Amino acid sequence: RKTSISFNPKVTLDSGHEFDLHEPLPKPMDDSYDDATMPESTSKVVQHLGEMRHSFAQPGADDVAARDVDLQIPEHMSSLTSGTTASPIQEEIRTPPDVPEHSIASPLQSPSISQTLSRSGSGFWPVYSQNRSRTSTFRSERSGGSLRRSNRRSSTRSMNSSMSPAASYLSGYSRRDDDPAPVEPDSEGQEIALNSGYFIGRQVGSGGFSVVREVTTMECEKTVKRAVKIVRKQIAGKSDQENDKVQHDFEQQISIWRFLKHRYILPLIAVYDTPFATFCITRLIPSGTLYDLIYQRRKERPEAPGLPAKVVRRYIYQLASALRYMHEDVRAVHRDVKIENCLLDRASADEDGNILLCDFGMADFITNESRPEPSPLYPEASSPNNTDKNGGEENNDNKISFAGSLEYASPELINSRHALYSPAADVWALGVVLFALITAKLPWSHSFQPRLAVMIISGKWDEEVVRGASCFKFVEKEGADGEGEGEGEVDEENLANAMELLRGCLDTDPETRWTVGEVLECRWL
């Protein structure tokens with residue numbers, strides 16, 4: 001076979017001199033080479049220190065460089081990196097591997113005061129020394145054919161820094177400890193999803209596994225503030241099973257909420273589902289809820305905390321309108337009607353504002369009013385393991401495990417061992433809200449839940465508290481606010497119509513209890 005690859009036995013340098021391939025390459029920076037053997041490009045590049053200074057060199061760099069009389073400044077640099085960004089030459093690459101056939105590119109550094117070549121360095125790859133501080137400098141020395149780096153202490157202390165090297169090293173760790181926590185996608189100032197246009201602001205509320213924050217966006221070249229309900233996909237401190245249940249419940253809430261379009265229901269504007277969390281954009285209602293309104297009146301007017309009759313009628317009518325829309329048009333039930341879930345929107349011209357029904361976490365479509373599912377009151381009652389030692393069903397008479405608000409639960413909901421999806425339960429809760437607006441208190445209240453359940457099942461509530469409410473002690477006149485003349489007098493007709501509505505909503509029998517349509521057609525409204 002013939003030789004497939006052949007090599008030129010001679011190597012030609014940039015200067016035109018030829019050297020045998022097996023001989024060591026010349027060292028142009030070494031003192032043993034004179035101008036005849038040194039390449040021309042390197043023999044004419046010696047410059048006087050002080051004539052040219054790098055624009056970023058520190059003051060006094062010439063004085064420091066002048067201490068090393070053997071330093072030279074090369075003419076050009078054939079590297080792709082600049083002199084200020086070139087990395088230090090590693091030990092293993094100081095001797096180049098195979099060289100090109102015809103010429104060798106010069107790897108000399110660019111002229112810089114802060115990075116200078118040592119003539120006592122490696123034969124071909126120059127070694128530069130960099131003054132990192134005034135306290136110590138580094139240089140390359142030849143020892144036994146290899147290169148080693150040695151420290152040379154300066155006779156003068158550094159005047160530019162008062163921090164020792166040890167303190168400077170340790171300060172890096174203290175700065176790392178003070179670093180702020182990583183920014184989460186739902187933190188203030190972050191944009192929801194990509195190019196959504198919604199930027200998260202301060203937190204305005206929280207409950208359960210969700211957080212409510214302000215968001216800002218641009219609409220018609222104007223800044224608009226909205227609210228966003230955030231539910232994370234992974235909640236800290238919860239197991240995977242609990243996180244999956246939270247996500248399932250929230251998706252169920254969104255599936256109902258997205259169908260609801262009514263004047264007195266909080267609208268769902270947009271939904272953004274990301275790997276980190278689910279974001280629901282809705283209106284921002286800064287006025288609070290009916291609970292906040294009643295709480296404020298109890299503080300300001302403890303002798304007459306109830307709302308005026310005309311305001312009560314307005315709010316009950318709006319809430320009943322929203323429930324009628326859900327029951328008859330959408331065929332869905334809310335199942336968690338209470339004053340905390342009735343937002344008060346005062347953005348309208350009317351000073352009393354409007355009611356916006358919210359929180360559809362327990363809502364569902366009416367497919368079957370009684371389903372073979374665990375009851376929200378007794379979720380453990382339908383479990384196959386819920387048996388006593390004798391093989392019978394365990395007695396749950398003293399156990400109340402209610403997912404909603406027990407104070408607003410109807411008697412049939414308490415007595416049932418399965419989940420109920422009945423519009424009658426919403427009407428019962430509407431009657432409890434009516435009682436709370438008139439009297440500023442709930443019809444049934446007890447710290448011991450089993451006792452509270454017994455009180456609700458009995459269906460007895462204090463009618464005298466309603467008769468003594470402030471809203472029936474003032475004779476309302478056309479155009480008046482209901483709190484003018486006639487103080488101390490009772491409007492019997494107004495009181496009788498309100499009592500009729502209360503009895504119709506708080507009927508313990510769901511078959512004879514009023515429907516939401518009958519509520520809207522009653523005489524008091």
# chains A, B, ... in the order shown; residues from 1 in each chain; ligands from 1
>>> residues_around(residues="Tyr264 in chain A", least_positions_apart="5", cutoff="7 Å", atoms="only C-alpha atoms", output="PyMOL selection string")
chain A and resi 318+322+355-357
>>> residues_around(residues="range 251-262 of chain A", least_positions_apart="6", cutoff="7 Å", atoms="only C-alpha atoms", output="list in words")
Leu268, Ala322, Phe360, Gly361, Ala363 and Asp364 of chain A
>>> atom_distance(atom1="CA of Phe276 in chain A", atom2="CA of Val231 in chain A")
8.9 Å
>>> atom_distance(atom1="CA of Ala270 in chain A", atom2="CA of Ile230 in chain A")
12.3 Å
>>> closest_residue(among="A:Lys10, A:Arg202, A:Lys441, A:Arg523", to="His22 in chain A", atoms="only C-alpha atoms")
A:Lys10
>>> residues_around(residues="Arg331 in chain A", least_positions_apart="2", cutoff="12 Å", atoms="only C-alpha atoms", output="mmCIF file with C-alpha atoms, in the first residue's frame")
data_model
loop_
_atom_site.group_PDB
_atom_site.id
_atom_site.type_symbol
_atom_site.label_atom_id
_atom_site.label_comp_id
_atom_site.auth_asym_id
_atom_site.auth_seq_id
_atom_site.Cartn_x
_atom_site.Cartn_y
_atom_site.Cartn_z
ATOM 1 C CA ILE A 256 -70.175 26.180 36.563
ATOM 2 C CA PHE A 259 -71.815 29.573 32.243
ATOM 3 C CA LEU A 260 -73.198 32.232 34.610
ATOM 4 C CA LEU A 323 -80.841 32.445 42.413
ATOM 5 C CA ARG A 324 -83.854 32.341 40.067
ATOM 6 C CA TYR A 325 -81.469 32.631 37.123
ATOM 7 C CA MET A 326 -79.374 29.729 38.436
ATOM 8 C CA HIS A 327 -82.348 27.503 39.345
ATOM 9 C CA GLU A 328 -84.562 28.032 36.311
ATOM 10 C CA ASP A 329 -82.269 29.132 33.481
ATOM 11 C CA VAL A 333 -77.746 25.233 42.645
ATOM 12 C CA HIS A 334 -75.329 27.366 44.643
ATOM 13 C CA ALA A 363 -72.290 24.740 43.069
ATOM 14 C CA ASP A 364 -73.403 22.004 40.705
ATOM 15 C CA PHE A 365 -75.938 21.304 37.991
ATOM 16 C CA ILE A 366 -79.309 19.841 38.949
ATOM 17 C CA THR A 367 -79.271 16.363 37.422
ATOM 18 C CA ASN A 368 -80.681 14.584 40.453
ATOM 19 C CA GLU A 369 -81.579 16.326 43.691
ATOM 20 C CA TYR A 421 -78.713 19.337 45.100
ATOM 21 C CA SER A 422 -82.060 20.945 45.828
ATOM 22 C CA PRO A 423 -83.037 24.546 45.036
#
>>> closest_residue(among="A:Asn354, A:Ser196, A:Gln296, A:Ser321", to="Ala440 in chain A", atoms="only C-alpha atoms")
A:Gln296
>>> atom_distance(atom1="CA of Ser287 in chain A", atom2="CA of Asp345 in chain A")
6.3 Å
>>> residues_around(residues="range 461-464 of chain A", least_positions_apart="2", cutoff="8 Å", atoms="only C-alpha atoms", output="PyMOL selection string")
chain A and resi 443-444+459+466-468
>>> residues_around(residues="Leu502 in chain A", least_positions_apart="2", cutoff="12 Å", atoms="only C-alpha atoms", output="PyMOL selection string")
chain A and resi 316+427-438+443+459-463+466+495-500+504-508+513-514+519+522+524
>>> residues_around(residues="Phe279 in chain A", least_positions_apart="5", cutoff="7 Å", atoms="only C-alpha atoms", output="list in words")
Val228, Lys229, Ile230, Val231, Val271, Tyr272 and Asp273 of chain A
>>> closest_residue(among="A:Gly16, A:Pro267, A:Pro308, A:Gly404", to="Arg283 in chain A", atoms="only C-alpha atoms")
A:Pro267
